[in-house]
Every structure is written in structure tokens, then in C-alpha cells.
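Structure file data_34.txt with compact mmCIF, C-alpha atoms and all ligand atoms:
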# COMPACT_ATOMS: atom_id res chain seq x y z
CA MET A 1 -63.09 -25.93 -1.70
CA LYS A 2 -64.74 -28.97 -3.33
CA SER A 3 -68.51 -29.06 -3.11
CA GLU A 4 -71.03 -31.84 -3.89
CA SER A 5 -74.79 -31.85 -3.85
CA TYR A 6 -77.36 -34.58 -3.08
CA ASP A 7 -80.98 -34.98 -2.07
CA VAL A 8 -79.98 -36.61 1.23
CA ALA A 9 -76.70 -36.69 3.18
CA ILE A 10 -76.58 -39.40 5.86
CA VAL A 11 -74.01 -38.94 8.60
CA GLY A 12 -73.10 -42.28 10.20
CA ALA A 13 -72.82 -45.72 8.59
CA GLY A 14 -74.06 -47.88 11.43
CA ILE A 15 -77.05 -50.11 10.81
CA VAL A 16 -79.43 -47.14 11.05
CA GLY A 17 -77.54 -44.98 8.52
CA ALA A 18 -77.08 -47.99 6.20
CA ALA A 19 -80.80 -48.84 6.34
CA CYS A 20 -81.70 -45.19 5.65
CA ALA A 21 -79.35 -45.14 2.63
CA ASP A 22 -80.88 -48.34 1.27
CA GLU A 23 -84.40 -46.96 1.68
CA CYS A 24 -83.52 -43.57 0.13
CA VAL A 25 -82.15 -45.13 -3.07
CA ARG A 26 -85.14 -47.48 -3.24
CA ARG A 27 -87.29 -44.33 -3.46
CA GLY A 28 -85.09 -42.74 -6.13
CA LEU A 29 -83.23 -40.19 -3.97
CA ARG A 30 -79.60 -39.16 -4.60
CA VAL A 31 -77.74 -40.09 -1.44
CA VAL A 32 -74.33 -39.78 0.18
CA VAL A 33 -73.26 -41.55 3.39
CA ILE A 34 -70.35 -40.23 5.48
CA ASP A 35 -68.46 -42.10 8.21
CA PRO A 36 -64.74 -42.06 9.05
CA ASP A 37 -64.82 -45.69 10.18
CA ALA A 38 -65.73 -49.04 8.66
CA VAL A 39 -69.42 -49.66 8.02
CA GLY A 40 -71.19 -50.95 11.13
CA SER A 41 -68.18 -50.56 13.40
CA GLY A 42 -69.87 -48.43 16.11
CA ALA A 43 -72.60 -49.74 18.43
CA THR A 44 -73.70 -51.93 15.52
CA ALA A 45 -70.58 -54.08 15.92
CA SER A 46 -71.07 -54.24 19.70
CA GLY A 47 -74.73 -55.28 19.75
CA MET A 48 -76.33 -58.68 20.16
CA GLY A 49 -78.37 -58.73 16.97
CA HIS A 50 -81.58 -59.92 18.62
CA ILE A 51 -84.53 -59.04 16.37
CA VAL A 52 -87.16 -58.81 19.05
CA VAL A 53 -90.73 -57.62 19.43
CA MET A 54 -91.07 -55.57 22.63
CA ASP A 55 -94.07 -54.21 24.46
CA ASP A 56 -92.84 -51.66 27.00
CA SER A 57 -95.19 -49.19 25.27
CA ASP A 58 -97.58 -49.35 22.33
CA ALA A 59 -95.17 -47.15 20.33
CA GLN A 60 -92.26 -49.49 21.05
CA PHE A 61 -94.40 -52.45 20.04
CA ALA A 62 -95.49 -50.76 16.79
CA LEU A 63 -91.93 -50.00 15.68
CA THR A 64 -90.42 -53.34 16.71
CA ARG A 65 -93.22 -55.39 15.12
CA TYR A 66 -93.21 -53.32 11.90
CA SER A 67 -89.42 -53.71 11.71
CA GLN A 68 -89.51 -57.42 12.45
CA ARG A 69 -91.85 -57.92 9.50
CA LEU A 70 -89.48 -55.91 7.28
CA TRP A 71 -86.59 -58.20 8.31
CA GLN A 72 -88.75 -61.20 7.45
CA GLN A 73 -89.42 -59.71 3.99
CA LEU A 74 -85.70 -59.03 3.50
CA ARG A 75 -84.65 -62.49 4.65
CA ALA A 76 -84.42 -64.07 1.19
CA ASP A 77 -82.01 -61.34 0.04
CA LEU A 78 -79.69 -61.50 3.05
CA PRO A 79 -76.28 -63.07 2.36
CA ASP A 80 -75.20 -66.05 4.41
CA ASP A 81 -72.78 -64.07 6.56
CA VAL A 82 -75.68 -62.09 8.06
CA GLU A 83 -76.53 -65.37 9.85
CA TYR A 84 -80.24 -64.59 10.13
CA GLU A 85 -81.85 -67.35 12.22
CA GLU A 86 -85.46 -67.39 13.38
CA CYS A 87 -84.59 -69.14 16.65
CA GLY A 88 -87.31 -67.44 18.72
CA THR A 89 -87.07 -65.80 22.14
CA ILE A 90 -87.97 -67.42 25.43
CA TRP A 91 -88.74 -64.93 28.20
CA VAL A 92 -87.82 -66.90 31.33
CA ALA A 93 -89.90 -66.55 34.50
CA ALA A 94 -88.13 -67.32 37.79
CA ASP A 95 -91.02 -66.75 40.21
CA ASP A 96 -94.77 -66.23 40.43
CA GLU A 97 -94.50 -62.47 39.85
CA GLU A 98 -92.60 -63.08 36.59
CA MET A 99 -95.12 -65.78 35.64
CA ARG A 100 -97.86 -63.15 35.95
CA GLU A 101 -95.81 -61.04 33.52
CA VAL A 102 -95.72 -64.04 31.16
CA TRP A 103 -99.52 -64.11 31.13
CA ARG A 104 -99.74 -60.33 30.66
CA LYS A 105 -97.37 -60.51 27.68
CA HIS A 106 -99.29 -63.50 26.33
CA GLU A 107 -102.51 -61.48 26.32
CA TYR A 108 -100.85 -58.40 24.83
CA TYR A 109 -99.20 -60.32 21.99
CA SER A 110 -102.19 -62.58 21.31
CA ALA A 111 -104.41 -59.50 20.93
CA ARG A 112 -101.97 -58.20 18.31
CA ASP A 113 -101.47 -61.40 16.29
CA VAL A 114 -97.97 -62.12 17.55
CA SER A 115 -97.60 -65.87 17.78
CA ASN A 116 -96.59 -66.93 21.32
CA GLN A 117 -96.79 -69.91 23.66
CA VAL A 118 -96.86 -69.99 27.45
CA LEU A 119 -94.44 -72.66 28.74
CA ASP A 120 -94.67 -74.48 32.04
CA GLU A 121 -91.50 -75.58 33.81
CA SER A 122 -91.27 -79.01 32.20
CA ARG A 123 -91.79 -77.67 28.65
CA LEU A 124 -89.21 -74.96 29.34
CA ARG A 125 -86.69 -77.61 30.42
CA ARG A 126 -87.45 -79.79 27.38
CA LEU A 127 -86.80 -76.82 25.07
CA GLU A 128 -83.70 -75.63 26.98
CA PRO A 129 -82.20 -78.52 29.00
CA ASN A 130 -79.30 -76.40 30.28
CA LEU A 131 -81.56 -74.05 32.23
CA ARG A 132 -81.53 -74.73 35.97
CA THR A 133 -84.35 -76.60 37.67
CA GLY A 134 -86.90 -74.67 39.71
CA LEU A 135 -87.75 -71.98 37.18
CA LYS A 136 -91.48 -71.31 36.86
CA GLY A 137 -91.90 -71.27 33.08
CA GLY A 138 -91.67 -68.82 30.22
CA LEU A 139 -93.09 -67.30 27.07
CA LEU A 140 -91.90 -68.43 23.64
CA ILE A 141 -92.07 -65.90 20.79
CA PRO A 142 -91.20 -68.06 17.76
CA GLU A 143 -90.87 -65.26 15.18
CA ASP A 144 -88.07 -63.42 17.02
CA ALA A 145 -84.71 -63.89 15.31
CA VAL A 146 -80.99 -63.25 15.61
CA LEU A 147 -78.48 -61.95 13.08
CA TYR A 148 -74.88 -60.70 12.86
CA PRO A 149 -75.24 -56.89 12.85
CA PRO A 150 -72.04 -55.64 11.15
CA CYS A 151 -72.64 -57.87 8.12
CA ALA A 152 -76.29 -56.77 7.97
CA ALA A 153 -75.15 -53.10 7.93
CA ARG A 154 -72.52 -53.83 5.29
CA PHE A 155 -75.12 -55.61 3.11
CA LEU A 156 -77.54 -52.65 3.30
CA LEU A 157 -74.85 -50.07 2.54
CA GLU A 158 -73.31 -52.05 -0.33
CA ARG A 159 -76.75 -52.57 -1.85
CA SER A 160 -77.39 -48.83 -1.68
CA GLN A 161 -74.01 -48.18 -3.35
CA GLN A 162 -74.83 -50.63 -6.15
CA ARG A 163 -77.96 -48.53 -6.74
CA GLY A 164 -76.06 -45.23 -6.82
CA ALA A 165 -75.38 -44.09 -3.24
CA ARG A 166 -71.94 -42.55 -2.58
CA PHE A 167 -69.83 -43.25 0.53
CA HIS A 168 -67.24 -40.84 1.97
CA THR A 169 -64.77 -42.19 4.54
CA GLU A 170 -64.40 -38.89 6.38
CA CYS A 171 -65.42 -37.32 9.65
CA VAL A 172 -68.19 -34.74 9.67
CA THR A 173 -67.05 -31.66 11.56
CA ARG A 174 -70.22 -29.60 11.25
CA LEU A 175 -73.73 -30.07 9.92
CA GLY A 176 -76.96 -28.11 9.55
CA GLU A 177 -78.86 -25.69 7.31
CA GLY A 178 -78.45 -27.88 4.26
CA ARG A 179 -74.68 -28.17 4.61
CA VAL A 180 -72.28 -30.86 5.84
CA ASP A 181 -68.56 -30.08 6.33
CA LEU A 182 -66.12 -32.96 6.06
CA SER A 183 -62.68 -33.16 7.64
CA ASP A 184 -60.97 -33.20 4.20
CA GLY A 185 -62.47 -29.79 3.37
CA VAL A 186 -65.25 -31.12 1.10
CA VAL A 187 -68.60 -29.39 1.61
CA ILE A 188 -71.76 -31.35 0.89
CA ARG A 189 -75.02 -29.58 0.21
CA ALA A 190 -78.24 -31.56 0.59
CA GLU A 191 -81.91 -30.81 0.95
CA PHE A 192 -82.02 -33.20 3.89
CA ILE A 193 -79.26 -34.17 6.30
CA VAL A 194 -79.76 -37.24 8.49
CA ASN A 195 -77.88 -37.39 11.79
CA ALA A 196 -77.48 -41.18 12.26
CA THR A 197 -74.42 -41.04 14.50
CA GLY A 198 -75.96 -43.09 17.32
CA ALA A 199 -74.53 -42.28 20.75
CA SER A 200 -72.47 -39.42 19.24
CA ALA A 201 -75.53 -37.58 17.86
CA SER A 202 -75.36 -34.74 20.36
CA ASP A 203 -71.69 -34.02 19.55
CA LEU A 204 -72.84 -32.71 16.16
CA ASN A 205 -76.22 -31.37 17.40
CA PRO A 206 -75.70 -30.25 21.01
CA GLY A 207 -79.42 -29.75 21.68
CA VAL A 208 -80.25 -33.41 21.00
CA GLU A 209 -80.73 -35.22 24.31
CA ILE A 210 -78.88 -38.53 24.03
CA LYS A 211 -77.12 -40.30 26.87
CA LYS A 212 -74.60 -43.11 26.46
CA ARG A 213 -75.61 -46.36 28.08
CA LYS A 214 -72.70 -48.75 28.26
CA GLY A 215 -73.15 -52.48 27.75
CA HIS A 216 -70.87 -55.53 28.06
CA LEU A 217 -71.01 -58.78 26.11
CA ALA A 218 -68.99 -62.01 26.18
CA ILE A 219 -68.73 -64.76 23.57
CA THR A 220 -67.73 -68.36 24.16
CA ASP A 221 -66.03 -71.06 22.16
CA ARG A 222 -68.28 -73.40 20.11
CA TYR A 223 -70.85 -75.53 21.95
CA HIS A 224 -73.44 -76.55 19.35
CA GLY A 225 -76.91 -77.08 20.83
CA PHE A 226 -76.07 -75.73 24.29
CA VAL A 227 -78.64 -72.92 23.83
CA ARG A 228 -81.40 -73.11 21.21
CA HIS A 229 -83.36 -69.87 21.62
CA GLN A 230 -82.51 -66.33 22.68
CA LEU A 231 -83.12 -66.65 26.43
CA VAL A 232 -83.91 -63.53 28.44
CA GLU A 233 -84.88 -63.35 32.09
CA LEU A 234 -88.07 -61.41 32.71
CA GLY A 235 -86.21 -59.52 35.42
CA TYR A 236 -84.39 -57.94 32.42
CA LEU A 237 -87.33 -55.62 31.96
CA LYS A 238 -86.89 -54.20 35.47
CA SER A 239 -83.16 -53.65 34.97
CA ALA A 240 -83.56 -52.23 31.46
CA HIS A 241 -85.97 -49.61 32.79
CA SER A 242 -83.75 -48.37 35.60
CA VAL A 243 -82.27 -45.07 34.45
CA THR A 244 -79.84 -44.67 37.33
CA ALA A 245 -78.45 -47.92 38.75
CA ASP A 246 -75.96 -50.19 36.96
CA SER A 247 -77.64 -53.47 36.18
CA VAL A 248 -77.01 -56.92 34.74
CA ALA A 249 -79.47 -59.50 33.40
CA PHE A 250 -79.42 -63.02 32.03
CA ASN A 251 -79.61 -62.74 28.24
CA VAL A 252 -77.96 -65.42 26.09
CA GLN A 253 -78.04 -66.07 22.38
CA PRO A 254 -77.15 -69.09 20.24
CA ARG A 255 -74.91 -68.17 17.28
CA ARG A 256 -74.90 -70.21 14.09
CA THR A 257 -71.24 -71.00 14.76
CA GLY A 258 -72.21 -72.83 17.95
CA GLN A 259 -70.87 -69.96 20.06
CA ILE A 260 -72.92 -68.55 22.92
CA LEU A 261 -73.24 -64.79 23.15
CA ILE A 262 -73.72 -63.80 26.79
CA GLY A 263 -75.18 -60.48 27.94
CA SER A 264 -75.97 -58.09 29.20
CA SER A 265 -75.25 -55.05 31.34
CA ARG A 266 -76.46 -51.45 31.45
CA GLN A 267 -74.52 -48.51 32.90
CA TYR A 268 -75.07 -44.77 32.77
CA GLY A 269 -72.23 -42.31 33.25
CA ALA A 270 -69.53 -44.82 32.22
CA GLU A 271 -67.90 -43.16 29.22
CA ASP A 272 -64.69 -45.18 28.84
CA LYS A 273 -64.69 -48.15 26.46
CA GLY A 274 -62.73 -50.48 28.76
CA VAL A 275 -64.20 -53.68 30.15
CA ASP A 276 -65.32 -53.16 33.77
CA HIS A 277 -64.31 -56.48 35.33
CA ASP A 278 -66.67 -56.07 38.25
CA ILE A 279 -69.72 -55.62 35.99
CA LEU A 280 -68.49 -58.41 33.70
CA ALA A 281 -68.19 -60.81 36.65
CA ARG A 282 -71.70 -59.86 37.84
CA MET A 283 -73.05 -60.45 34.33
CA LEU A 284 -71.40 -63.87 33.96
CA ASN A 285 -72.49 -64.90 37.46
CA ARG A 286 -76.05 -63.94 36.63
CA ALA A 287 -75.90 -66.10 33.49
CA GLN A 288 -74.61 -69.05 35.54
CA GLU A 289 -77.45 -68.66 38.03
CA TYR A 290 -79.82 -69.48 35.15
CA MET A 291 -77.54 -71.93 33.27
CA PRO A 292 -75.15 -73.54 35.79
CA ALA A 293 -73.26 -75.46 33.06
CA LEU A 294 -72.01 -72.13 31.68
CA ALA A 295 -69.44 -72.37 34.48
CA SER A 296 -67.57 -74.93 32.36
CA VAL A 297 -67.54 -73.11 28.99
CA SER A 298 -64.63 -70.96 27.79
CA VAL A 299 -65.25 -67.30 27.11
CA ILE A 300 -62.94 -66.24 24.28
CA ARG A 301 -63.70 -62.50 23.96
CA THR A 302 -65.40 -59.73 25.91
CA TRP A 303 -66.22 -56.19 24.76
CA THR A 304 -68.33 -53.14 25.42
CA GLY A 305 -70.51 -50.78 23.40
CA PHE A 306 -72.61 -47.68 23.90
CA ARG A 307 -76.35 -47.60 23.42
CA ALA A 308 -77.85 -44.20 22.50
CA ALA A 309 -80.54 -43.62 25.13
CA THR A 310 -83.35 -41.07 25.17
CA SER A 311 -85.24 -40.17 28.33
CA ASP A 312 -88.48 -41.88 27.23
CA GLN A 313 -86.96 -45.07 25.72
CA LEU A 314 -88.15 -44.17 22.21
CA PRO A 315 -85.88 -43.15 19.33
CA PHE A 316 -85.80 -39.78 17.56
CA ILE A 317 -86.97 -40.28 13.97
CA GLY A 318 -87.85 -37.14 12.02
CA PRO A 319 -87.10 -33.44 11.67
CA TRP A 320 -85.17 -31.51 14.28
CA PRO A 321 -87.46 -28.54 14.94
CA LYS A 322 -84.61 -26.03 15.10
CA ASP A 323 -83.44 -26.72 11.51
CA ASN A 324 -85.72 -27.64 8.59
CA SER A 325 -82.97 -29.47 6.71
CA LEU A 326 -81.99 -31.70 9.62
CA MET A 327 -83.52 -35.11 10.33
CA LEU A 328 -82.62 -37.29 13.30
CA ALA A 329 -82.38 -41.08 13.24
CA THR A 330 -80.87 -41.90 16.62
CA GLY A 331 -81.69 -42.83 20.22
CA HIS A 332 -82.51 -46.50 19.55
CA GLU A 333 -80.95 -47.67 22.84
CA GLY A 334 -80.93 -51.49 22.93
CA LEU A 335 -83.21 -51.97 19.92
CA GLY A 336 -81.45 -50.30 16.99
CA ILE A 337 -80.64 -53.50 15.12
CA THR A 338 -84.28 -54.57 15.31
CA THR A 339 -85.76 -51.17 14.49
CA SER A 340 -83.29 -49.99 11.82
CA LEU A 341 -85.52 -51.05 8.93
CA GLY A 342 -88.71 -49.51 10.35
CA THR A 343 -86.77 -46.35 11.21
CA ALA A 344 -85.57 -46.05 7.62
CA ARG A 345 -89.09 -46.49 6.24
CA ILE A 346 -90.75 -43.86 8.40
CA LEU A 347 -87.85 -41.42 8.08
CA VAL A 348 -87.91 -41.58 4.28
CA ASP A 349 -91.73 -41.34 4.35
CA GLN A 350 -91.23 -37.97 6.05
CA ILE A 351 -88.64 -36.90 3.45
CA THR A 352 -90.75 -37.90 0.44
CA GLY A 353 -94.21 -37.12 1.84
CA GLY A 354 -95.13 -40.83 1.75
CA GLU A 355 -97.86 -42.35 3.94
CA PRO A 356 -96.21 -44.09 6.96
CA GLN A 357 -97.55 -47.53 7.82
CA ILE A 358 -97.40 -46.86 11.57
CA PRO A 359 -98.16 -43.62 13.46
CA ILE A 360 -94.93 -41.58 13.60
CA GLU A 361 -95.83 -39.04 16.32
CA PRO A 362 -94.28 -40.98 19.26
CA TYR A 363 -90.85 -40.85 17.58
CA LEU A 364 -90.79 -37.22 16.44
CA PRO A 365 -87.92 -35.23 18.01
CA SER A 366 -90.33 -32.32 18.55
CA ARG A 367 -91.80 -34.19 21.55
CA ARG A 368 -88.66 -33.45 23.57
CA VAL A 369 -88.31 -29.86 22.42
CA ARG A 370 -91.92 -29.18 23.45
CA GLU A 371 -91.40 -30.86 26.81
CA ILE A 372 -88.16 -28.98 27.50
CA THR A 373 -89.75 -25.65 26.56
CA HIS A 374 -92.70 -26.43 28.82
CA VAL A 375 -90.51 -27.27 31.82
C1 LIG B 401 -74.23 -54.42 24.44
C2 LIG B 401 -75.27 -54.07 23.43
C3 LIG B 401 -76.21 -55.03 23.04
C4 LIG B 401 -77.18 -54.70 22.10
N1 LIG B 401 -78.06 -55.68 21.69
C5 LIG B 401 -79.02 -55.37 20.77
C6 LIG B 401 -79.92 -56.36 20.31
O1 LIG B 401 -79.83 -57.52 20.69
N2 LIG B 401 -80.88 -56.00 19.42
C7 LIG B 401 -81.01 -54.72 18.96
O2 LIG B 401 -81.94 -54.45 18.19
N3 LIG B 401 -80.13 -53.76 19.34
C8 LIG B 401 -79.14 -54.05 20.23
N4 LIG B 401 -78.27 -53.09 20.67
C9 LIG B 401 -78.45 -51.73 20.18
C10 LIG B 401 -77.87 -51.54 18.81
O3 LIG B 401 -76.56 -52.09 18.74
C11 LIG B 401 -77.84 -50.05 18.48
O4 LIG B 401 -79.10 -49.46 18.76
C12 LIG B 401 -77.54 -49.83 16.99
O5 LIG B 401 -76.37 -50.49 16.60
C13 LIG B 401 -77.42 -48.34 16.71
O6 LIG B 401 -77.03 -48.20 15.37
P1 LIG B 401 -76.66 -46.77 14.82
O7 LIG B 401 -76.44 -46.92 13.37
O8 LIG B 401 -77.67 -45.78 15.30
O9 LIG B 401 -75.32 -46.37 15.61
P2 LIG B 401 -73.81 -46.86 15.41
O10 LIG B 401 -73.72 -48.27 14.98
O11 LIG B 401 -73.07 -46.44 16.62
O12 LIG B 401 -73.32 -45.99 14.16
C14 LIG B 401 -73.06 -44.62 14.26
C15 LIG B 401 -71.98 -44.29 13.26
O13 LIG B 401 -71.79 -42.88 13.26
C16 LIG B 401 -70.43 -42.64 12.99
N5 LIG B 401 -70.07 -41.29 13.42
C17 LIG B 401 -70.03 -40.80 14.68
N6 LIG B 401 -69.61 -39.51 14.65
C18 LIG B 401 -69.43 -39.19 13.34
C19 LIG B 401 -69.01 -38.00 12.66
N7 LIG B 401 -68.69 -36.87 13.32
N8 LIG B 401 -68.91 -38.03 11.31
C20 LIG B 401 -69.25 -39.15 10.60
N9 LIG B 401 -69.65 -40.29 11.21
C21 LIG B 401 -69.73 -40.32 12.55
C22 LIG B 401 -69.69 -43.72 13.78
O14 LIG B 401 -68.38 -43.95 13.26
C23 LIG B 401 -70.61 -44.91 13.61
O15 LIG B 401 -70.21 -45.77 12.56
C24 LIG B 401 -77.26 -53.39 21.57
C25 LIG B 401 -76.30 -52.44 21.94
C26 LIG B 401 -75.30 -52.78 22.85
C27 LIG B 401 -74.27 -51.75 23.21

For this file, produce the structure as C-alpha cells.
Amino acid sequence: MKSESYDVAIVGAGIVGAACADECVRRGLRVVVIDPDAVGSGATASGMGHIVVMDDSDAQFALTRYSQRLWQQLRADLPDDVEYEECGTIWVAADDEEMREVWRKHEYYSARDVSNQVLDESRLRRLEPNLRTGLKGGLLIPEDAVLYPPCAARFLLERSQQRGARFHTECVTRLGEGRVDLSDGVVIRAEFIVNATGASASDLNPGVEIKKRKGHLAITDRYHGFVRHQLVELGYLKSAHSVTADSVAFNVQPRRTGQILIGSSRQYGAEDKGVDHDILARMLNRAQEYMPALASVSVIRTWTGFRAATSDQLPFIGPWPKDNSLMLATGHEGLGITTSLGTARILVDQITGGEPQIPIEPYLPSRRVREITHV
């Protein structure tokens, strides 16, 4: 039996595992990453790559804003194929209720130094001429960005390898108590093991409460200038929060190639990877309600992916209370591309005893263990 030893063993080479590897080597730790598949080929390859500040809770805001700033710092190092573009988000308001949400968000972001502009209907139409008439307005967040997630994950992992990280293309069959068993019989011993397997996290650690939340996306042929910002309906927030019903929302993104990435849907309890044509049709119809000219574009590919959802919409970042050697970095739901860099920082702070730059308590896995025990 071959055995290797490291400071940190990271299981999963999605964007979260890759960011953790990059951060570990930056702090001088000896690291191995294990994944049977290509880097960034899980949910990371299925996601939209919207780097977005969100304010569903103060904890969500803190992690998304911290992470967005880290992406901005990394920007100069990112290769061209990561396609990082600071195109901004426009949250689109369809009615007076959503316009009140625009003003609430405006106050929240302004109080926290996030640049933003309230748009009336005519300004909204000038910025995005393909939106339908009759919308009420919107909120522009200019610092939000988009990128191509699999290339971002590959960049982070390759950079960590250039600085000494090892990568094993194997499946992990068992982990815990300082030991990771690989499918080829190799045993890895590490002071810390990071479970960064996204929606599969509870397969390796059955006590970890993660549910799969399926999403669909569609991409079009090239239509340069058709969409200029990431456009998201404010009704998205209502659908994203529903933890039972299937939902769709208008959410479109301009790609550097001129393609339009169209989302998005959310489904619980749908475990097969296949495209659900009913949900897909609802999603595309919703997009056309906001941008009628989308009816004439060609969609060239559709796909699905699984978000890793926790019950309180916050990720698990930190030690698993039942095993001192085990750290979790999972449960990022629809924000794991955005929050990968912040996750890596605060996870490695906990490994090295560093001082985190944001409060970490909201993300500690112990919050769920305590709650479950209490119930
Ligand atoms: C439709 C959709 C749209 C999204 N849009 C956005 C967005 O716009 N912005 C945003 O920030 N986020 C978005 N997300 C969320 C984002 O994609 C995820 O949160 C993120 O990719 C999670 O990364 P991860 O590294 O945790 O997981 P993954 O990318 O799933 O990586 C986990 C890895 O673990 C590996 N693995 C699993 N089991 C094992 C094992 N036993 N042994 C070894 N390796 C294993 C897998 O092979 C995989 O490579 C979206 C997600 C979906 C589905």
C-alpha cells in the first residue's frame, strides 16, 4: 500500500477546491488535490460565472463582497480565456413592488460603499434597448462581473501546481481522521482534509446536510451587443428563496464571444442530469417576456448542473465538529464561483490560525450540528 503525507489534502477540484489549493500554497502549506475528473468539470462547468454582490443576509453580503474584491485583485493575473469582464449587473424591476426593492437595495449597498445607480425606465431602456417596454426601472451595480468558470478553476489549480501542489486523478473512497483513501489503493495522510466535493459532499460525509438543487442554462449563437450587462429580474430573489417549488427567472449574461447565456431554473428533488424540456421551455419563455427579441435568436446548447444547497443559504466553511482533521468547503448553492476566493481565504485562516478579514461564525458547520442536536 503506497502512502503519501501532506499538510492539507483537498478532495474535489472544482473552483472551490482549486481556490483552496492556491491559497494553501500561498501560505506555504504542502498540498494535494484529488479529483477523478477534469479540473472544474462539476458544477463549476455548469455555472453562469456571475461575480455578484448579494444582500439576502449580512453574512451573504460579507462573503460575496469580500470575494468580489479578491477577484478584482486577481484580475491582472487572470489569463485571457477566463474572460473576466466587469460588465455590471442590472436588477430589473417590473412593477412598483420590485421598484421598492430597488430602493431598499440602493440604501443597503450605499451604506456599505457598493457603487450603485437607480435607473428609471428610460435610462434602463437606453442601457439595454432589447428589454421590453413598460418595465419600471432597475438598479445598476457596476462592479459586478462575469467570467468563464472552468478556465478560472484551471488557472487557480495550475498556479498551485507550479508552486508545489500535487494533483491525483483518482476518486476518494473514504476520508476522515487524517486519512484519505483513493480508488487506486494509495492512502494519503494529512493534518487537514478539505471536503470540497460540492453537491456530492454528503456522499463522503453522510452527516453533512447538502441538498442538490438542479439548474438549467442555455447558450445562443453570437449576437454582439444584444445584451450589455448581466440582467436579472428582481422576482429572481423570490424564486431563489423558495425551498420547495420549481422555479424559473429571467437571468441573462453577455459573453465576450457575443453569445448570450440564458438562465435560470431551480429544482429540488430532481437528481437526474437530463434536460427537463418543460422547465427549459418555461425558462426560455420567461426570458422572452423580458426580452421579446430573444424569440429570434438561435440557442445552440442547453445543459444542467447541481448547486449544493444548505438549509440556511450559507456555505459550510470550517471544521466538521465530529472530526478534528476534517474541514468543509461546500454548500455554496448559486454563488460558489463568486465566493470561491473568499472561502479559500477564511478556510486557510482557520487552518493556519490567521486573522480572518470577515467574521467566520455564520459559515461554520457547527451551526447546523448545534441546531440539529437542539431539535
Ligand atoms: C445553473 C447554475 C448556475 C450557476 N450560476 C452561478 C453564478 O452565476 N455565479 C456563481 O457564483 N455561482 C453560480 N453557480 C454555482 C456554482 O457553479 C457552484 O457553487 C460552484 O461551481 C461550486 O464549486 P465546487 O468546487 O464547490 O463544486 P464542483 O464544481 O461541483 O466541484 C466538486 C468536485 O468534486 C469532485 N468529486 C466529487 N466526488 C468526489 C470524490 N469521491 N473523490 C474526488 N473528487 C470528487 C467532482 O468531480 C468535482 O470536480 C451556478 C450553478 C448552477 C448549477

Neighbours of point (-74.6, -42.0, 15.4) within 9 Å, using all atoms listed in the file, written as a ChimeraX atom specification: /A:11-14,16-17,42-43,195-202,308,329-331

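In this structure, atom CA of A:Asp55 sits 13.3 Å away from atom CA of A:Asp144.
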
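Going from atom CA of A:Phe167 over to atom CA of A:Ile34, you cover 5.8 Å.
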
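From atom CA of A:Leu335 back to atom C25 of ligand LIG 401 (chain B), the distance works out to 7.2 Å.
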
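Using all atoms listed in the file, the nearest neighbour of A:Ser41 within the list A:Gln288, A:Arg189, A:Arg126, A:Phe306 is A:Phe306.
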
10 Å contact set for A:Gly258, all atoms listed in the file, chain neighbours under 4 positions out, as a ChimeraX atom specification: /A:220-228,253-254

Residues within 12 Å of A:Ala62, all atoms listed in the file, excluding chain neighbours under 2 positions, as a count of residues only: 32
